[in-house]
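What follows is the content of data_3.cif, which has mmCIF, C-alpha atoms:
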data_coords
#
loop_
_atom_site.label_atom_id
_atom_site.label_comp_id
_atom_site.auth_asym_id
_atom_site.auth_seq_id
_atom_site.Cartn_x
_atom_site.Cartn_y
_atom_site.Cartn_z
CA MET A 4 0.00 0.00 0.00
CA SER A 5 1.37 3.38 -0.98
CA LYS A 6 1.97 6.07 1.60
CA ALA A 7 -0.69 8.24 -0.05
CA SER A 8 -3.27 5.48 0.24
CA LYS A 9 -2.33 4.87 3.85
CA ARG A 10 -2.69 8.56 4.73
CA GLU A 11 -6.07 8.70 2.97
CA ARG A 12 -7.29 5.67 4.92
CA GLN A 13 -6.13 7.22 8.21
CA ARG A 14 -7.91 10.46 7.31
CA LEU A 15 -11.13 8.60 6.58
CA ASN A 16 -10.81 6.70 9.87
CA ARG A 17 -10.34 9.95 11.77
CA GLU A 18 -13.41 11.49 10.07
CA THR A 19 -15.46 8.39 10.86
CA ARG A 20 -14.43 8.49 14.54
CA ARG A 21 -15.13 12.23 14.63
CA GLU A 22 -18.61 11.79 13.18
CA ALA A 23 -19.27 9.00 15.69
CA GLU A 24 -18.12 11.23 18.55
CA LEU A 25 -20.30 14.10 17.30
CA ALA A 26 -23.30 11.80 16.98
CA ASP A 27 -22.72 10.48 20.48
CA ALA A 28 -22.41 14.02 21.82
CA ARG A 29 -25.70 14.97 20.12
CA ARG A 30 -27.42 11.96 21.67
CA ARG A 31 -26.13 12.92 25.12
CA ARG A 32 -27.33 16.52 24.67
CA GLN A 33 -30.76 15.32 23.51
CA PHE A 34 -30.98 12.98 26.51
CA ARG A 35 -30.03 15.76 28.93
CA THR A 36 -32.57 18.10 27.30
CA ALA A 37 -35.34 15.51 27.50
CA ARG A 38 -34.40 14.72 31.10
CA ASN A 39 -34.44 18.41 32.08
CA ILE A 40 -37.79 18.96 30.38
CA GLY A 41 -39.14 15.91 32.18
CA LEU A 42 -37.92 17.22 35.50
CA LEU A 43 -39.57 20.56 34.80
CA LEU A 44 -42.85 18.98 33.73
CA LEU A 45 -43.01 16.50 36.59
CA PRO A 46 -44.28 19.03 39.19
CA LEU A 47 -46.79 20.35 36.66
CA VAL A 48 -48.06 16.84 35.98
CA ALA A 49 -48.29 16.18 39.71
CA LEU A 50 -50.17 19.46 40.19
CA PHE A 51 -52.55 18.62 37.36
CA VAL A 52 -53.27 15.19 38.86
CA ALA A 53 -53.83 16.73 42.29
CA LEU A 54 -56.20 19.35 40.87
CA GLN A 55 -58.13 16.63 39.07
CA VAL A 56 -58.44 14.67 42.31
CA PHE A 57 -59.54 17.76 44.26
CA ARG A 58 -61.97 18.71 41.50
CA ASP A 59 -63.45 15.23 41.55
CA ASP A 60 -63.74 15.47 45.34
CA ASP A 61 -65.39 18.89 45.05
CA SER A 62 -67.74 17.56 42.38
CA ALA A 63 -68.70 14.65 44.60
CA ALA A 64 -69.18 16.97 47.58
CA ALA A 65 -71.30 19.31 45.44
CA THR A 66 -73.77 16.56 44.57
CA ALA A 67 -74.16 14.89 47.95
CA CYS A 68 -76.36 16.17 50.76
CA GLU A 69 -76.01 15.08 54.37
CA GLU A 70 -78.05 12.13 55.50
CA VAL A 71 -80.47 13.42 58.12
CA ASN A 72 -83.52 12.19 59.94
CA ALA A 73 -86.97 13.41 59.01
CA PRO A 74 -87.98 16.46 61.09
CA ALA A 75 -90.53 16.05 63.84
CA VAL A 76 -93.92 17.67 63.38
CA LYS A 77 -94.27 20.87 65.42
CA ASP A 78 -97.36 22.64 66.69
CA PRO A 79 -97.83 26.30 65.70
CA PRO A 80 -96.13 28.25 68.50
CA PHE A 81 -97.69 31.70 68.01
CA THR A 82 -101.16 33.20 68.09
CA ALA A 83 -100.62 36.64 66.56
CA PRO A 84 -98.36 38.34 64.01
CA PRO A 85 -95.18 39.96 65.35
CA ALA A 86 -94.78 43.64 66.06
CA THR A 87 -92.58 45.58 63.66
CA GLU A 88 -88.98 45.20 64.80
CA ILE A 89 -86.86 45.74 61.72
CA ASP A 90 -85.22 48.94 60.49
CA THR A 91 -85.94 49.42 56.79
CA SER A 92 -82.65 51.28 56.35
CA VAL A 93 -80.70 48.18 57.38
CA LEU A 94 -79.65 45.37 55.03
CA TYR A 95 -80.77 42.04 56.48
CA THR A 96 -79.24 38.78 55.32
CA ALA A 97 -80.63 35.37 56.22
CA THR A 98 -78.28 32.38 56.07
CA LEU A 99 -80.05 29.04 55.84
CA ASP A 100 -77.72 26.28 56.96
CA THR A 101 -79.33 23.26 55.30
CA SER A 102 -78.33 19.63 54.98
CA CYS A 103 -77.54 20.43 51.33
CA GLY A 104 -75.34 23.45 52.08
CA LYS A 105 -75.76 27.09 53.00
CA ILE A 106 -78.17 29.44 51.23
CA ASP A 107 -77.82 33.20 51.74
CA ILE A 108 -80.85 35.42 51.15
CA LEU A 109 -80.70 39.19 50.83
CA LEU A 110 -83.93 40.36 52.49
CA ASP A 111 -85.56 43.38 50.84
CA ALA A 112 -86.64 45.32 53.92
CA ALA A 113 -87.13 48.56 52.00
CA GLN A 114 -89.58 47.12 49.45
CA ALA A 115 -91.17 44.42 51.62
CA PRO A 116 -91.02 45.56 55.28
CA THR A 117 -94.01 43.51 56.47
CA THR A 118 -92.82 40.31 54.83
CA VAL A 119 -89.19 40.74 55.91
CA ASN A 120 -90.19 41.63 59.46
CA ASN A 121 -92.19 38.40 59.64
CA PHE A 122 -89.34 36.29 58.25
CA VAL A 123 -86.75 37.89 60.54
CA PHE A 124 -89.01 37.40 63.57
CA LEU A 125 -89.53 33.70 62.84
CA ALA A 126 -85.83 33.15 62.17
CA ARG A 127 -84.75 34.88 65.39
CA GLN A 128 -87.27 32.86 67.36
CA GLY A 129 -85.65 29.67 66.03
CA PHE A 130 -88.90 28.73 64.33
CA TYR A 131 -87.21 27.48 61.14
CA ASP A 132 -84.49 25.50 62.89
CA GLY A 133 -85.03 21.80 62.30
CA LEU A 134 -87.83 22.19 59.75
CA GLY A 135 -87.61 20.53 56.35
CA PHE A 136 -88.16 21.23 52.67
CA HIS A 137 -91.43 19.44 52.03
CA ARG A 138 -91.90 20.29 48.36
CA VAL A 139 -89.48 20.08 45.46
CA ALA A 140 -90.78 21.02 42.00
CA GLU A 141 -88.48 19.95 39.17
CA ASP A 142 -86.92 22.88 37.27
CA PHE A 143 -89.03 25.34 39.26
CA VAL A 144 -88.91 25.80 43.06
CA VAL A 145 -88.02 24.31 46.42
CA GLN A 146 -90.35 25.03 49.34
CA GLY A 147 -89.89 24.76 53.09
CA GLY A 148 -90.75 26.32 56.44
CA ASP A 149 -93.78 24.18 57.32
CA PRO A 150 -93.88 22.84 60.90
CA ALA A 151 -96.43 20.24 59.82
CA GLY A 152 -94.10 18.97 57.11
CA ASP A 153 -96.82 18.42 54.49
CA GLY A 154 -97.61 21.91 53.19
CA SER A 155 -100.52 22.53 55.54
CA GLY A 156 -98.80 24.16 58.52
CA GLY A 157 -97.82 27.62 59.63
CA PRO A 158 -96.75 29.67 62.63
CA GLY A 159 -100.27 30.07 64.05
CA TYR A 160 -101.09 33.37 62.30
CA SER A 161 -100.95 34.95 58.86
CA ILE A 162 -99.95 38.34 57.50
CA VAL A 163 -100.54 40.16 54.24
CA GLY A 164 -97.12 40.89 52.75
CA GLU A 165 -95.96 42.91 49.78
CA VAL A 166 -96.39 41.40 46.32
CA PRO A 167 -93.95 42.51 43.59
CA ALA A 168 -94.14 45.82 41.81
CA GLU A 169 -93.79 45.98 38.03
CA THR A 170 -90.12 46.84 38.44
CA SER A 171 -89.29 43.86 40.68
CA LEU A 172 -90.95 40.74 39.36
CA TYR A 173 -90.10 37.18 40.30
CA GLN A 174 -86.90 35.81 38.80
CA VAL A 175 -84.52 32.90 39.26
CA GLY A 176 -83.22 33.22 42.81
CA SER A 177 -86.30 35.03 44.10
CA VAL A 178 -87.48 34.00 47.57
CA ALA A 179 -91.19 34.46 48.25
CA MET A 180 -93.77 33.34 50.76
CA ALA A 181 -96.14 30.50 49.84
CA LYS A 182 -99.90 30.71 50.35
CA GLY A 183 -103.05 28.69 49.86
CA GLY A 184 -104.72 28.91 46.48
CA ASP A 185 -107.82 30.66 47.85
CA ASP A 186 -105.94 33.09 50.11
CA PRO A 187 -105.76 36.77 49.13
CA ALA A 188 -102.66 37.94 47.30
CA GLY A 189 -99.68 38.46 49.60
CA THR A 190 -101.01 36.20 52.37
CA ALA A 191 -98.08 34.63 54.19
CA GLY A 192 -97.33 32.52 57.23
CA SER A 193 -94.00 30.74 57.50
CA GLN A 194 -93.71 28.72 54.30
CA PHE A 195 -91.41 30.12 51.62
CA PHE A 196 -90.12 29.01 48.26
CA VAL A 197 -86.97 29.64 46.22
CA VAL A 198 -87.18 29.89 42.43
CA THR A 199 -84.44 27.63 41.07
CA HIS A 200 -85.21 27.63 37.32
CA PRO A 201 -87.44 29.66 34.99
CA SER A 202 -89.44 26.60 33.75
CA GLU A 203 -91.63 27.05 30.69
CA VAL A 204 -94.14 24.37 31.66
CA PRO A 205 -97.71 25.79 31.71
CA GLU A 206 -99.10 26.72 35.14
CA ARG A 207 -95.64 26.92 36.65
CA GLY A 208 -92.39 28.81 36.16
CA LEU A 209 -91.72 32.52 35.82
CA ASN A 210 -94.40 32.97 33.15
CA PHE A 211 -96.93 31.70 35.67
CA LEU A 212 -95.57 33.65 38.65
CA ASN A 213 -95.33 36.91 36.72
CA GLN A 214 -98.95 36.99 35.61
CA ALA A 215 -100.76 39.95 37.14
CA PRO A 216 -102.26 40.19 39.66
CA TYR A 217 -99.17 38.91 41.46
CA GLN A 218 -99.91 36.51 44.29
CA PHE A 219 -96.86 35.77 46.43
CA ALA A 220 -95.20 38.12 48.90
CA LEU A 221 -91.56 38.65 47.98
CA VAL A 222 -89.07 38.44 50.84
CA GLY A 223 -85.78 38.79 48.97
CA GLN A 224 -83.28 37.36 46.53
CA LEU A 225 -80.52 34.78 46.80
CA ALA A 226 -77.10 36.34 47.26
CA ASP A 227 -74.85 36.28 44.20
CA ASP A 228 -72.19 34.19 45.94
CA ASN A 229 -71.84 31.14 43.66
CA HIS A 230 -73.11 28.72 46.27
CA SER A 231 -76.62 29.81 47.28
CA LEU A 232 -78.34 29.04 43.98
CA ARG A 233 -76.16 25.97 43.50
CA ASN A 234 -77.22 24.58 46.87
CA ALA A 235 -80.87 25.42 46.24
CA ARG A 236 -80.59 23.48 42.99
CA ARG A 237 -79.03 20.58 44.87
CA ILE A 238 -82.27 20.41 46.83
CA GLU A 239 -84.29 20.77 43.64
CA SER A 240 -82.36 17.85 42.09
CA LEU A 241 -84.11 15.63 44.66
CA ALA A 242 -87.48 16.14 42.99
CA PRO A 243 -89.59 12.98 42.68
CA GLU A 244 -90.05 11.35 39.31
CA GLY A 245 -92.75 12.93 37.21
CA VAL A 246 -95.89 11.14 36.11
CA ALA A 247 -97.15 10.89 32.51
CA GLY A 248 -94.37 13.12 31.20
CA GLU A 249 -95.01 15.87 33.73
CA PRO A 250 -92.13 17.33 35.79
CA GLY A 251 -91.72 15.84 39.25
CA ASP A 252 -93.36 17.79 42.06
CA GLY A 253 -93.67 16.64 45.65
CA PRO A 254 -91.65 15.61 48.70
CA PRO A 255 -87.92 15.29 47.98
CA THR A 256 -86.51 11.80 47.44
CA GLU A 257 -84.16 12.43 50.38
CA THR A 258 -84.87 14.31 53.60
CA VAL A 259 -83.59 17.89 53.53
CA ILE A 260 -83.69 20.02 56.66
CA ILE A 261 -82.92 23.58 57.70
CA LYS A 262 -80.47 23.11 60.53
CA ARG A 263 -80.43 26.78 61.47
CA VAL A 264 -81.32 30.22 60.14
CA THR A 265 -79.07 33.13 61.10
CA ILE A 266 -79.96 36.80 60.54
CA ALA A 267 -77.18 39.33 59.98
CA GLU A 268 -77.56 43.11 59.83
CA THR A 269 -75.50 45.59 57.81
CA PRO A 270 -76.35 49.23 58.62
CA SER A 271 -76.76 51.50 55.63
CA ILE A 272 -74.31 54.38 55.21
CA THR A 273 -76.14 57.69 55.29
CA THR A 274 -74.85 61.06 54.15
CA SER A 275 -74.32 62.20 57.73
CA GLU A 276 -72.11 59.17 58.39
CA LEU A 277 -69.78 59.86 55.52
CA ALA A 278 -66.46 61.55 56.32
CA PRO A 279 -66.37 65.25 55.36
CA PRO A 280 -64.40 66.07 52.21
CA PRO A 281 -60.79 67.16 52.79
CA SER A 282 -60.32 70.92 53.02
CA SER A 283 -58.51 72.52 50.10
#

Same coordinates, now as structure tokens:
Amino acid sequence: MSKASKRERQRLNRETRREAELADARRRRQFRTARNIGLLLLPLVALFVALQVFRDDDSAAATACEEVNAPAVKDPPFTAPPATEIDTSVLYTATLDTSCGKIDILLDAAQAPTTVNNFVFLARQGFYDGLGFHRVAEDFVVQGGDPAGDGSGGPGYSIVGEVPAETSLYQVGSVAMAKGGDDPAGTAGSQFFVVTHPSEVPERGLNFLNQAPYQFALVGQLADDNHSLRNARRIESLAPEGVAGEPGDGPPTETVIIKRVTIAETPSITTSELAPPPSS
């Protein structure tokens, strides 16, 4: 073999080794890059899995109500409507702690002083504590506050509350007092209902409620707090199965109780209470 051929073969061998070394170096860099990306993504994957688990837990918690015993029947404890005790300049909030979660109601004392005064009185007397929701109407309302537990009871008296004005009709989230079909408009005792869905079924839903003359005394509106309407709908999801294609309407398929009702007051800020403007 000539010296030229030998040198050429050595050169080719060196180039081959060099290419092999470069390829090996590239593979090592790619491995390190993939490993580093994996290490960076690992916490994110773990976080995603944890969030999925927590979300599933929250979803399960959001659909399950507490198992409770059926409430005992109570006799009407009062013989006459309460005296006026509320201040119409104060914002009253009622928190219903139910076996399906808490429901906050903003009570409209300014527009419905008689109705709100009655509701606040009953709540502060502990009347609602331990009572159940006796009626659940699919895609429409949930109704509670009856000491008899079957839709026939009351506190031992009745009032005539304020029905809506044209500017404040019933809507989803409205809370109003229930009454007998033959009672005058606005008649109220202790039973109340929460509108959970608009429902377009004839003789029910907002189209039915908002037909003049309006019949049911408004007491307030659910707070816009992401849980009040959701929890009311949890109760509504327990509606019985409908008959002959009609929506279910009757006692819930599981017992739901009001464990406690708490009334909170937030004084209104008047002009005299505002701090004077800074002097120039």

Selection as a ChimeraX atom specification: residues within 12 Å of (-80.0, 27.5, 58.5), counting only C-alpha atoms:
/A:96-108,126-127,129-136,147-148,231,259-266

For a cutoff of 9 Å around the file-coordinate point (-97.2, 39.8, 35.7), which residues qualify once you count all atoms listed in the file? I'd like the result as a PDB file with C-alpha atoms, in the coordinates of the input.
ATOM      1  CA  PRO A 167     -93.950  42.510  43.590  1.00  0.00           C
ATOM      2  CA  GLU A 169     -93.790  45.980  38.030  1.00  0.00           C
ATOM      3  CA  LEU A 172     -90.950  40.740  39.360  1.00  0.00           C
ATOM      4  CA  TYR A 173     -90.100  37.180  40.300  1.00  0.00           C
ATOM      5  CA  ASN A 210     -94.400  32.970  33.150  1.00  0.00           C
ATOM      6  CA  PHE A 211     -96.930  31.700  35.670  1.00  0.00           C
ATOM      7  CA  LEU A 212     -95.570  33.650  38.650  1.00  0.00           C
ATOM      8  CA  ASN A 213     -95.330  36.910  36.720  1.00  0.00           C
ATOM      9  CA  GLN A 214     -98.950  36.990  35.610  1.00  0.00           C
ATOM     10  CA  ALA A 215    -100.760  39.950  37.140  1.00  0.00           C
ATOM     11  CA  PRO A 216    -102.260  40.190  39.660  1.00  0.00           C
ATOM     12  CA  TYR A 217     -99.170  38.910  41.460  1.00  0.00           C
TER      13      TYR A 217
END

For this structure, which residues satisfy the selection - the PyMOL selection byres ((chain A and resi 257) around 12) - when it is evaluated on the file as given? I want them as an NGL selection string.
:A and (67-73 or 102-103 or 135-139 or 237-243 or 253-256 or 258-260)

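For Val144 (chain A), the residues within 6 Å (counting all atoms listed in the file, excluding itself and residues fewer than 3 positions away along the chain) are A:Ala140, A:Val197, A:Val198, A:Thr199.
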
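Relative to CA of Thr170 (chain A), CA of Leu125 (chain A) is found at 27.7 Å.
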
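Distance check against Ser92 (chain A) using only C-alpha atoms: of A:Pro116, A:Pro79, A:Gly164, A:Pro270, the minimum falls on A:Pro270.
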
Output the residue selection produced by the PyMOL selection byres ((chain A and resi 94) around 9) on the file above, formatted as a VMD selection string.
chain A and resid 90 to 93 95 to 96 109 to 113 267 to 271

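If you measure from each of A:Ala75, A:Val123, A:Val166, A:Ala179 to Leu225 (chain A) using only C-alpha atoms, the closest one turns out to be A:Ala179.
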
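The two atoms in question, CA of Ala115 (chain A) and CA of Lys77 (chain A), are spaced 27.5 Å apart.
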
Identify which of the residues A:Val76, A:Ala83, A:Ile162, A:Ala168 lies closest to Lys182 (chain A), counting all atoms listed in the file when measuring atom-to-atom distances.
A:Ile162

Could you jot down the CA of Gly189 (chain A) to CA of Asp149 (chain A) separation for me, Å, one decimal place?
17.3 Å

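Comparing the minimum interatomic distances between Ser202 (chain A) and each of A:Asp142, A:Asp186, A:Glu244, A:Glu88, counting all atoms listed in the file, we find that A:Asp142 sits nearest.
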
Judged by only C-alpha atoms, the minimum distance to Asn234 (chain A) among A:Gly152, A:Val145, A:Val163, A:Ser171 is found for A:Val145

Tell me which of A:Glu22, A:Asp153, A:Glu141, A:Gly208 sits closest to Gly245 (chain A), counting only C-alpha atoms.
A:Glu141

Rebuild N, CA and C atoms on region 118-131 of chain A, as a short mmCIF file (atom, residue, chain, number, x, y, z; two decimals), keeping the file's coordinate frame?
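The resulting file, out_18.cif, is shown below:
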data_model
loop_
_atom_site.label_atom_id
_atom_site.label_comp_id
_atom_site.auth_asym_id
_atom_site.auth_seq_id
_atom_site.Cartn_x
_atom_site.Cartn_y
_atom_site.Cartn_z
N THR A 118 -93.24 41.68 55.10
CA THR A 118 -92.82 40.31 54.83
C THR A 118 -91.47 40.02 55.48
N VAL A 119 -90.52 40.95 55.34
CA VAL A 119 -89.19 40.74 55.91
C VAL A 119 -89.26 40.73 57.43
N ASN A 120 -90.05 41.61 58.01
CA ASN A 120 -90.19 41.63 59.46
C ASN A 120 -90.70 40.28 59.97
N ASN A 121 -91.66 39.71 59.25
CA ASN A 121 -92.19 38.40 59.64
C ASN A 121 -91.12 37.32 59.55
N PHE A 122 -90.37 37.32 58.46
CA PHE A 122 -89.34 36.29 58.25
C PHE A 122 -88.23 36.42 59.30
N VAL A 123 -87.80 37.66 59.55
CA VAL A 123 -86.75 37.89 60.54
C VAL A 123 -87.22 37.47 61.93
N PHE A 124 -88.46 37.80 62.27
CA PHE A 124 -89.01 37.40 63.57
C PHE A 124 -88.97 35.88 63.73
N LEU A 125 -89.48 35.16 62.74
CA LEU A 125 -89.53 33.70 62.84
C LEU A 125 -88.13 33.11 62.94
N ALA A 126 -87.20 33.67 62.15
CA ALA A 126 -85.83 33.15 62.17
C ALA A 126 -85.19 33.37 63.54
N ARG A 127 -85.37 34.57 64.09
CA ARG A 127 -84.75 34.88 65.39
C ARG A 127 -85.39 34.09 66.53
N GLN A 128 -86.61 33.69 66.36
CA GLN A 128 -87.27 32.86 67.36
C GLN A 128 -86.87 31.39 67.25
N GLY A 129 -86.04 31.05 66.24
CA GLY A 129 -85.65 29.67 66.03
C GLY A 129 -86.74 28.81 65.42
N PHE A 130 -87.77 29.46 64.87
CA PHE A 130 -88.90 28.73 64.33
C PHE A 130 -88.48 27.79 63.20
N TYR A 131 -87.58 28.27 62.32
CA TYR A 131 -87.21 27.48 61.14
C TYR A 131 -86.20 26.37 61.45
#
